>>> print(open('target21.pdb').read())   # PDB, C-alpha atoms, pLDDT in the B column
ATOM      1  CA  CYS K   1      25.270 -11.005   6.539  1.00 95.00           C
ATOM      2  CA  ILE K   2      28.067 -10.836   9.091  1.00 95.00           C
ATOM      3  CA  GLU K   3      29.087 -14.478   8.603  1.00 96.00           C
ATOM      4  CA  TYR K   4      29.266 -14.135   4.797  1.00 97.00           C
ATOM      5  CA  LYS K   5      30.764 -10.618   4.917  1.00 96.00           C
ATOM      6  CA  ILE K   6      27.921  -9.048   2.950  1.00 97.00           C
ATOM      7  CA  ASP K   7      28.587  -5.388   2.020  1.00 97.00           C
ATOM      8  CA  MET K   8      25.260  -4.510   0.436  1.00 97.00           C
ATOM      9  CA  LEU K   9      21.716  -5.774   0.871  1.00 97.00           C
ATOM     10  CA  VAL K  10      19.271  -5.040  -1.950  1.00 95.00           C
ATOM     11  CA  VAL K  11      15.758  -5.656  -0.648  1.00 95.00           C
ATOM     12  CA  GLY K  12      13.310  -6.673  -3.375  1.00 86.00           C
ATOM     13  CA  PRO K  13       9.994  -7.547  -1.729  1.00 90.00           C
ATOM     14  CA  GLU K  14       7.949  -4.826  -0.041  1.00 92.00           C
ATOM     15  CA  GLU K  15       7.031  -6.827   3.069  1.00 95.00           C
ATOM     16  CA  PRO K  16      10.482  -6.844   4.736  1.00 97.00           C
ATOM     17  CA  LEU K  17      10.774  -3.117   4.019  1.00 96.00           C
ATOM     18  CA  VAL K  18       7.364  -2.392   5.536  1.00 96.00           C
ATOM     19  CA  LYS K  19       8.350  -4.522   8.542  1.00 97.00           C
ATOM     20  CA  GLY K  20      11.517  -2.431   9.012  1.00 97.00           C
ATOM     21  CA  VAL K  21      14.515  -4.383   7.697  1.00 98.00           C
ATOM     22  CA  TYR K  22      16.314  -1.116   6.866  1.00 97.00           C
ATOM     23  CA  ASP K  23      15.689   0.206  10.382  1.00 98.00           C
ATOM     24  CA  PHE K  24      16.865  -3.091  11.897  1.00 98.00           C
ATOM     25  CA  PHE K  25      20.222  -2.821  10.117  1.00 98.00           C
ATOM     26  CA  GLU K  26      20.572   0.865  11.025  1.00 97.00           C
ATOM     27  CA  LYS K  27      20.022   0.205  14.753  1.00 97.00           C
ATOM     28  CA  ASP K  28      22.393  -2.774  15.039  1.00 97.00           C
ATOM     29  CA  THR K  29      26.012  -1.643  15.477  1.00 96.00           C
ATOM     30  CA  ASP K  30      27.308  -4.850  13.849  1.00 95.00           C
ATOM     31  CA  LEU K  31      25.100  -4.363  10.786  1.00 97.00           C
ATOM     32  CA  GLN K  32      25.344  -0.571  10.308  1.00 95.00           C
ATOM     33  CA  ARG K  33      28.318  -0.906   7.956  1.00 96.00           C
ATOM     34  CA  ILE K  34      26.172  -2.822   5.459  1.00 97.00           C
ATOM     35  CA  ILE K  35      24.525  -0.691   2.799  1.00 95.00           C
ATOM     36  CA  VAL K  36      20.812  -1.435   2.680  1.00 95.00           C
ATOM     37  CA  VAL K  37      19.165  -0.463  -0.598  1.00 93.00           C
ATOM     38  CA  GLY K  38      15.583   0.242   0.391  1.00 92.00           C
ATOM     39  CA  PRO K  39      13.535   2.704   2.424  1.00 92.00           C
ATOM     40  CA  SER K  40      12.901   2.875   6.144  1.00 95.00           C
ATOM     41  CA  ALA K  41       9.657   1.402   7.490  1.00 97.00           C
ATOM     42  CA  LYS K  42       8.207   4.908   7.668  1.00 96.00           C
ATOM     43  CA  ALA K  43       8.969   5.601   3.994  1.00 93.00           C
ATOM     44  CA  ALA K  44       7.876   2.088   2.955  1.00 95.00           C
ATOM     45  CA  GLN K  45       4.345   2.988   4.056  1.00 96.00           C
ATOM     46  CA  LEU K  46       3.960   4.571   0.613  1.00 93.00           C
ATOM     47  CA  GLU K  47       3.906   1.044  -0.779  1.00 90.00           C
ATOM     48  CA  GLY K  48       2.553  -0.729   2.283  1.00 94.00           C
ATOM     49  CA  SER K  49      -0.654   1.277   2.721  1.00 96.00           C
ATOM     50  CA  LYS K  50      -2.838   2.579  -0.090  1.00 96.00           C
ATOM     51  CA  ALA K  51      -4.655   4.886   2.371  1.00 97.00           C
ATOM     52  CA  PHE K  52      -1.345   6.332   3.629  1.00 97.00           C
ATOM     53  CA  SER K  53      -0.235   6.905   0.021  1.00 96.00           C
ATOM     54  CA  LYS K  54      -3.474   8.652  -0.923  1.00 97.00           C
ATOM     55  CA  LYS K  55      -3.253  10.961   2.127  1.00 97.00           C
ATOM     56  CA  PHE K  56       0.414  11.668   1.321  1.00 97.00           C
ATOM     57  CA  MET K  57      -0.462  12.586  -2.272  1.00 96.00           C
ATOM     58  CA  GLN K  58      -3.280  14.880  -1.169  1.00 96.00           C
ATOM     59  CA  ARG K  59      -1.093  16.532   1.473  1.00 97.00           C
ATOM     60  CA  HIS K  60       1.629  17.224  -1.107  1.00 97.00           C
ATOM     61  CA  GLN K  61      -0.778  18.163  -3.910  1.00 97.00           C
ATOM     62  CA  ILE K  62       0.226  15.211  -6.100  1.00 94.00           C
ATOM     63  CA  PRO K  63      -2.591  14.467  -8.555  1.00 92.00           C
ATOM     64  CA  THR K  64      -4.402  11.226  -7.706  1.00 94.00           C
ATOM     65  CA  ALA K  65      -7.813   9.647  -8.175  1.00 95.00           C
ATOM     66  CA  ALA K  66     -10.587  10.710  -5.791  1.00 95.00           C
ATOM     67  CA  TYR K  67     -11.089   8.129  -3.043  1.00 97.00           C
ATOM     68  CA  ALA K  68     -12.543   7.135   0.291  1.00 97.00           C
ATOM     69  CA  GLU K  69     -11.406   4.487   2.771  1.00 97.00           C
ATOM     70  CA  PHE K  70     -13.528   2.045   4.744  1.00 98.00           C
ATOM     71  CA  THR K  71     -13.201  -0.604   7.446  1.00 97.00           C
ATOM     72  CA  ALA K  72     -15.642  -2.988   9.139  1.00 97.00           C
ATOM     73  CA  GLU K  73     -16.626  -0.123  11.453  1.00 97.00           C
ATOM     74  CA  ASN K  74     -18.040   1.963   8.590  1.00 98.00           C
ATOM     75  CA  PHE K  75     -18.978  -0.914   6.260  1.00 98.00           C
ATOM     76  CA  GLU K  76     -22.558   0.300   5.680  1.00 98.00           C
ATOM     77  CA  GLU K  77     -21.263   3.753   4.760  1.00 98.00           C
ATOM     78  CA  GLY K  78     -18.925   2.059   2.272  1.00 98.00           C
ATOM     79  CA  LYS K  79     -21.834   0.225   0.656  1.00 98.00           C
ATOM     80  CA  LYS K  80     -23.675   3.542   0.192  1.00 98.00           C
ATOM     81  CA  TYR K  81     -20.531   5.106  -1.258  1.00 98.00           C
ATOM     82  CA  ILE K  82     -20.232   2.269  -3.788  1.00 98.00           C
ATOM     83  CA  ALA K  83     -23.908   2.519  -4.781  1.00 97.00           C
ATOM     84  CA  LYS K  84     -23.443   6.194  -5.705  1.00 96.00           C
ATOM     85  CA  HIS K  85     -20.008   5.724  -7.315  1.00 96.00           C
ATOM     86  CA  SER K  86     -19.497   6.044 -11.065  1.00 95.00           C
ATOM     87  CA  LEU K  87     -18.459   2.889 -12.941  1.00 97.00           C
ATOM     88  CA  PRO K  88     -16.103   1.175 -13.026  1.00 97.00           C
ATOM     89  CA  VAL K  89     -15.271   1.170  -9.312  1.00 97.00           C
ATOM     90  CA  VAL K  90     -11.701   0.498  -8.141  1.00 97.00           C
ATOM     91  CA  LEU K  91     -11.327  -1.337  -4.819  1.00 98.00           C
ATOM     92  CA  LYS K  92      -7.901  -1.756  -3.227  1.00 97.00           C
ATOM     93  CA  ALA K  93      -6.889  -3.693  -0.152  1.00 97.00           C
ATOM     94  CA  ASP K  94      -5.037  -1.120   1.945  1.00 97.00           C
ATOM     95  CA  GLY K  95      -2.100  -3.345   2.872  1.00 95.00           C
ATOM     96  CA  LEU K  96       0.254  -5.640   1.008  1.00 94.00           C
ATOM     97  CA  ALA K  97      -1.601  -8.341  -0.917  1.00 90.00           C
ATOM     98  CA  ALA K  98       1.155  -9.769  -3.138  1.00 83.00           C
ATOM     99  CA  GLY K  99      -0.060  -7.787  -6.147  1.00 82.00           C
ATOM    100  CA  LYS K 100      -3.562  -9.298  -5.896  1.00 89.00           C
ATOM    101  CA  GLY K 101      -5.366  -6.670  -3.824  1.00 94.00           C
ATOM    102  CA  VAL K 102      -6.882  -4.504  -6.577  1.00 95.00           C
ATOM    103  CA  VAL K 103     -10.227  -5.153  -8.240  1.00 96.00           C
ATOM    104  CA  ILE K 104     -11.757  -3.041 -10.995  1.00 96.00           C
ATOM    105  CA  ALA K 105     -15.478  -3.748 -10.730  1.00 98.00           C
ATOM    106  CA  ALA K 106     -17.595  -3.130 -13.842  1.00 97.00           C
ATOM    107  CA  THR K 107     -20.904  -3.117 -11.935  1.00 98.00           C
ATOM    108  CA  HIS K 108     -22.115  -1.911  -8.563  1.00 98.00           C
ATOM    109  CA  ALA K 109     -23.139  -5.478  -7.690  1.00 98.00           C
ATOM    110  CA  GLU K 110     -19.602  -6.734  -8.386  1.00 98.00           C
ATOM    111  CA  ALA K 111     -18.135  -3.854  -6.371  1.00 98.00           C
ATOM    112  CA  LEU K 112     -20.419  -4.578  -3.405  1.00 98.00           C
ATOM    113  CA  GLN K 113     -19.582  -8.294  -3.504  1.00 98.00           C
ATOM    114  CA  THR K 114     -15.850  -7.541  -3.691  1.00 97.00           C
ATOM    115  CA  PHE K 115     -16.141  -5.014  -0.855  1.00 98.00           C
ATOM    116  CA  GLU K 116     -17.865  -7.593   1.330  1.00 97.00           C
ATOM    117  CA  GLU K 117     -15.275 -10.264   0.472  1.00 97.00           C
ATOM    118  CA  MET K 118     -12.422  -7.912   1.329  1.00 97.00           C
ATOM    119  CA  ILE K 119     -13.788  -6.392   4.543  1.00 97.00           C
ATOM    120  CA  LEU K 120     -16.026  -9.031   6.096  1.00 96.00           C
ATOM    121  CA  HIS K 121     -14.460 -12.225   4.774  1.00 96.00           C
ATOM    122  CA  LYS K 122     -10.841 -10.995   4.949  1.00 95.00           C
ATOM    123  CA  GLN K 123     -10.131 -12.005   1.322  1.00 95.00           C
ATOM    124  CA  PHE K 124      -6.592 -10.645   1.644  1.00 94.00           C
ATOM    125  CA  GLY K 125      -6.179 -11.186   5.380  1.00 93.00           C
ATOM    126  CA  GLU K 126      -5.145  -8.124   7.377  1.00 94.00           C
ATOM    127  CA  ALA K 127      -4.299  -6.339   4.107  1.00 94.00           C
ATOM    128  CA  SER K 128      -8.014  -5.910   3.414  1.00 94.00           C
ATOM    129  CA  SER K 129      -9.125  -4.873   6.896  1.00 96.00           C
ATOM    130  CA  LYS K 130      -9.199  -1.415   5.319  1.00 97.00           C
ATOM    131  CA  VAL K 131     -10.287  -0.880   1.715  1.00 98.00           C
ATOM    132  CA  VAL K 132      -9.637   2.144  -0.462  1.00 98.00           C
ATOM    133  CA  ILE K 133     -12.343   2.803  -3.039  1.00 98.00           C
ATOM    134  CA  GLU K 134     -11.344   5.182  -5.790  1.00 97.00           C
ATOM    135  CA  GLU K 135     -12.390   6.521  -9.135  1.00 95.00           C
ATOM    136  CA  PHE K 136     -11.200   4.698 -12.225  1.00 97.00           C
ATOM    137  CA  LEU K 137      -8.665   6.637 -14.262  1.00 95.00           C
ATOM    138  CA  GLN K 138      -8.276   5.772 -17.935  1.00 93.00           C
ATOM    139  CA  GLY K 139      -4.736   5.753 -19.268  1.00 92.00           C
ATOM    140  CA  ILE K 140      -1.277   4.319 -18.964  1.00 92.00           C
ATOM    141  CA  GLU K 141       0.088   3.420 -15.541  1.00 84.00           C
ATOM    142  CA  VAL K 142       3.768   3.843 -14.827  1.00 87.00           C
ATOM    143  CA  SER K 143       5.942   2.924 -11.866  1.00 83.00           C
ATOM    144  CA  VAL K 144       9.069   4.927 -11.121  1.00 85.00           C
ATOM    145  CA  PHE K 145      11.832   3.691  -8.845  1.00 81.00           C
ATOM    146  CA  VAL K 146      14.303   6.209  -7.498  1.00 83.00           C
ATOM    147  CA  LEU K 147      17.473   5.614  -5.500  1.00 82.00           C
ATOM    148  CA  THR K 148      18.626   8.473  -3.292  1.00 82.00           C
ATOM    149  CA  ASN K 149      21.012   9.003  -0.425  1.00 80.00           C
ATOM    150  CA  GLY K 150      18.602  11.489   1.090  1.00 80.00           C
ATOM    151  CA  SER K 151      19.765  14.540  -0.860  1.00 91.00           C
ATOM    152  CA  ASP K 152      20.999  13.321  -4.269  1.00 91.00           C
TER     153      ASP K 152
END
>>> encode(input="target21.pdb", output="structure tokens")
Amino acid sequence: CIEYKIDMLVVGPEEPLVKGVYDFFEKDTDLQRIIVVGPSAKAAQLEGSKAFSKKFMQRHQIPTAAYAEFTAENFEEGKKYIAKHSLPVVLKADGLAAGKGVVIAATHAEALQTFEEMILHKQFGEASSKVVIEEFLQGIEVSVFVLTNGSD
């Protein structure tokens, strides 16, 4: 960026944001002059962790599907949760999985198999070391991207 006299960096992928590229530029005196379009690592957790996002939404009373989160430590509890869950069951790898970490299982057997693949067999690597299981919501999904300077 310094060599090519870059004035603005627009970060597209989530991974460098989650890993702190914005923070890196902010801390380096030679790079601080460059405008970085993207959130800090702390703010990028909203995209980088489904569990973090769900807790954030609950804390701020933002409507969201009911959920529970599980890891290898409480795997058996997760299996029981799935068995009692209404169908379909939505399973999400907690971390970044290149858009592949969500499965909508039509049956409990499919949900259990997916859960095992994610948690025990690391289907999505570290991204699926924690799995969010949530209710299925019928309707249209929308993504909203907002640019702000912190106040406007």
>>> closest_atom_pairs(input="target21.pdb", of="segment 26-55 of chain K", to="segment 62-83 of chain K", cutoff="10 Å", atoms="only C-alpha atoms", output="CSV")
residue,atom,partner,partner_atom,distance
K:Lys50,CA,K:Glu69,CA,9.2
K:Ala51,CA,K:Glu69,CA,6.8
K:Ser53,CA,K:Thr64,CA,9.8
K:Lys54,CA,K:Thr64,CA,7.3
K:Lys55,CA,K:Tyr67,CA,9.8
>>> residues_around(input="target21.pdb", residues="Phe145 of chain K", least_positions_apart="5", cutoff="12 Å", atoms="only C-alpha atoms", output="count of residues only")
5
>>> residues_around(input="target21.pdb", residues="segment 101-109 of chain K", least_positions_apart="5", cutoff="6 Å", atoms="only C-alpha atoms", output="PyMOL selection string")
chain K and resi 88-93
>>> atom_distance(input="target21.pdb", atom1="atom CA of Tyr4 of chain K", atom2="atom CA of Leu17 of chain K")
21.5 Å
>>> atom_distance(input="target21.pdb", atom1="atom CA of Leu112 of chain K", atom2="atom CA of Val131 of chain K")
11.9 Å
>>> closest_residue(input="target21.pdb", among="K:Ile119, K:Val18, K:Val144, K:Ile133", to="Leu96 of chain K", atoms="all atoms listed in the file")
K:Val18
>>> atom_distance(input="target21.pdb", atom1="atom CA of Leu87 of chain K", atom2="atom CA of Gln113 of chain K")
14.7 Å
>>> residues_around(input="target21.pdb", residues="Gly20 of chain K", least_positions_apart="4", cutoff="7 Å", atoms="all atoms listed in the file", output="VMD selection string")
chain K and resid 16 24 40 to 41
>>> residues_near_point(input="target21.pdb", point="(26.5, -1.9, 1.4)", cutoff="6 Å", atoms="only C-alpha atoms", output="list of chain:residue names")
K:Asp7, K:Met8, K:Ile34, K:Ile35, K:Val36
>>> closest_residue(input="target21.pdb", among="K:Ser86, K:Ser143, K:Ser151, K:Ser49", to="Ser128 of chain K", atoms="all atoms listed in the file")
K:Ser49
>>> resolve_selection(input="target21.pdb", expression="the PyMOL selection byres ((chain K and resi 31) around 12)", output="JSON, numbers by chain")
{"K": [1, 2, 3, 5, 6, 7, 8, 9, 21, 22, 23, 24, 25, 26, 27, 28, 29, 30, 32, 33, 34, 35, 36]}
>>> axis_aligned_box(input="target21.pdb", around="segment 22-36 of chain K", padding_each_side="8 Å", output="lines of an AutoDock Vina configuration file")
center_x = 22.0
center_y = -2.0
center_z = 9.1
size_x = 28.6
size_y = 21.7
size_z = 28.8
>>> build_atoms(input="target21.pdb", residues="segment 47-58 of chain K", atoms="all heavy atoms", output="JSON list (two decimals), in the frame of the given file")
[["chain", "number", "residue", "atom", "x", "y", "z"],
["K", 47, "GLU", "N", 4.26, 2.28, -0.06],
["K", 47, "GLU", "CA", 3.91, 1.04, -0.78],
["K", 47, "GLU", "C", 3.03, 0.14, 0.08],
["K", 47, "GLU", "O", 2.21, -0.60, -0.43],
["K", 47, "GLU", "CB", 5.18, 0.29, -1.18],
["K", 47, "GLU", "CG", 4.95, -0.93, -2.02],
["K", 47, "GLU", "CD", 4.30, -0.65, -3.38],
["K", 47, "GLU", "OE1", 4.51, 0.44, -3.94],
["K", 47, "GLU", "OE2", 3.57, -1.53, -3.88],
["K", 48, "GLY", "N", 3.22, 0.20, 1.38],
["K", 48, "GLY", "CA", 2.55, -0.73, 2.28],
["K", 48, "GLY", "C", 1.13, -0.37, 2.65],
["K", 48, "GLY", "O", 0.41, -1.21, 3.18],
["K", 49, "SER", "N", 0.72, 0.86, 2.38],
["K", 49, "SER", "CA", -0.65, 1.28, 2.72],
["K", 49, "SER", "C", -1.18, 2.20, 1.64],
["K", 49, "SER", "O", -0.68, 3.31, 1.46],
["K", 49, "SER", "CB", -0.68, 1.99, 4.07],
["K", 49, "SER", "OG", -1.95, 2.61, 4.27],
["K", 50, "LYS", "N", -2.23, 1.75, 0.96],
["K", 50, "LYS", "CA", -2.84, 2.58, -0.09],
["K", 50, "LYS", "C", -3.43, 3.84, 0.52],
["K", 50, "LYS", "O", -3.32, 4.93, -0.04],
["K", 50, "LYS", "CB", -3.93, 1.82, -0.84],
["K", 50, "LYS", "CG", -3.57, 0.44, -1.37],
["K", 50, "LYS", "CD", -2.33, 0.42, -2.22],
["K", 50, "LYS", "CE", -1.99, -0.98, -2.70],
["K", 50, "LYS", "NZ", -1.30, -1.85, -1.77],
["K", 51, "ALA", "N", -4.06, 3.73, 1.71],
["K", 51, "ALA", "CA", -4.66, 4.89, 2.37],
["K", 51, "ALA", "C", -3.57, 5.90, 2.75],
["K", 51, "ALA", "O", -3.75, 7.11, 2.55],
["K", 51, "ALA", "CB", -5.44, 4.45, 3.60],
["K", 52, "PHE", "N", -2.46, 5.45, 3.29],
["K", 52, "PHE", "CA", -1.34, 6.33, 3.63],
["K", 52, "PHE", "C", -0.86, 7.06, 2.38],
["K", 52, "PHE", "O", -0.63, 8.28, 2.40],
["K", 52, "PHE", "CB", -0.19, 5.53, 4.26],
["K", 52, "PHE", "CG", 1.02, 6.37, 4.56],
["K", 52, "PHE", "CD1", 1.14, 7.02, 5.78],
["K", 52, "PHE", "CD2", 2.03, 6.51, 3.64],
["K", 52, "PHE", "CE1", 2.25, 7.80, 6.07],
["K", 52, "PHE", "CE2", 3.15, 7.29, 3.91],
["K", 52, "PHE", "CZ", 3.26, 7.93, 5.12],
["K", 53, "SER", "N", -0.71, 6.32, 1.28],
["K", 53, "SER", "CA", -0.24, 6.90, 0.02],
["K", 53, "SER", "C", -1.19, 7.98, -0.49],
["K", 53, "SER", "O", -0.75, 9.05, -0.93],
["K", 53, "SER", "CB", -0.07, 5.83, -1.05],
["K", 53, "SER", "OG", 0.91, 4.90, -0.67],
["K", 54, "LYS", "N", -2.49, 7.69, -0.44],
["K", 54, "LYS", "CA", -3.47, 8.65, -0.92],
["K", 54, "LYS", "C", -3.43, 9.93, -0.08],
["K", 54, "LYS", "O", -3.44, 11.04, -0.62],
["K", 54, "LYS", "CB", -4.88, 8.05, -0.89],
["K", 54, "LYS", "CG", -5.09, 6.85, -1.80],
["K", 54, "LYS", "CD", -4.88, 7.16, -3.25],
["K", 54, "LYS", "CE", -6.14, 7.66, -3.88],
["K", 54, "LYS", "NZ", -6.04, 7.80, -5.34],
["K", 55, "LYS", "N", -3.34, 9.79, 1.24],
["K", 55, "LYS", "CA", -3.25, 10.96, 2.13],
["K", 55, "LYS", "C", -1.97, 11.75, 1.85],
["K", 55, "LYS", "O", -1.98, 12.98, 1.83],
["K", 55, "LYS", "CB", -3.30, 10.52, 3.59],
["K", 55, "LYS", "CG", -4.66, 10.04, 4.03],
["K", 55, "LYS", "CD", -4.60, 9.50, 5.45],
["K", 55, "LYS", "CE", -5.90, 8.78, 5.77],
["K", 55, "LYS", "NZ", -5.75, 7.87, 6.89],
["K", 56, "PHE", "N", -0.87, 11.04, 1.63],
["K", 56, "PHE", "CA", 0.41, 11.67, 1.32],
["K", 56, "PHE", "C", 0.30, 12.49, 0.04],
["K", 56, "PHE", "O", 0.73, 13.65, -0.02],
["K", 56, "PHE", "CB", 1.50, 10.59, 1.18],
["K", 56, "PHE", "CG", 2.86, 11.13, 0.80],
["K", 56, "PHE", "CD1", 3.76, 11.49, 1.78],
["K", 56, "PHE", "CD2", 3.23, 11.27, -0.53],
["K", 56, "PHE", "CE1", 5.02, 11.99, 1.44],
["K", 56, "PHE", "CE2", 4.47, 11.76, -0.88],
["K", 56, "PHE", "CZ", 5.36, 12.13, 0.12],
["K", 57, "MET", "N", -0.32, 11.89, -0.99],
["K", 57, "MET", "CA", -0.46, 12.59, -2.27],
["K", 57, "MET", "C", -1.34, 13.82, -2.12],
["K", 57, "MET", "O", -1.01, 14.88, -2.67],
["K", 57, "MET", "CB", -1.01, 11.64, -3.34],
["K", 57, "MET", "CG", 0.03, 10.62, -3.80],
["K", 57, "MET", "SD", -0.56, 9.54, -5.12],
["K", 57, "MET", "CE", -1.21, 8.18, -4.16],
["K", 58, "GLN", "N", -2.42, 13.72, -1.38],
["K", 58, "GLN", "CA", -3.28, 14.88, -1.17],
["K", 58, "GLN", "C", -2.54, 15.98, -0.40],
["K", 58, "GLN", "O", -2.60, 17.15, -0.76],
["K", 58, "GLN", "CB", -4.55, 14.48, -0.42],
["K", 58, "GLN", "CG", -5.54, 13.76, -1.29],
["K", 58, "GLN", "CD", -6.84, 13.48, -0.57],
["K", 58, "GLN", "OE1", -6.89, 13.36, 0.65],
["K", 58, "GLN", "NE2", -7.91, 13.36, -1.34]]
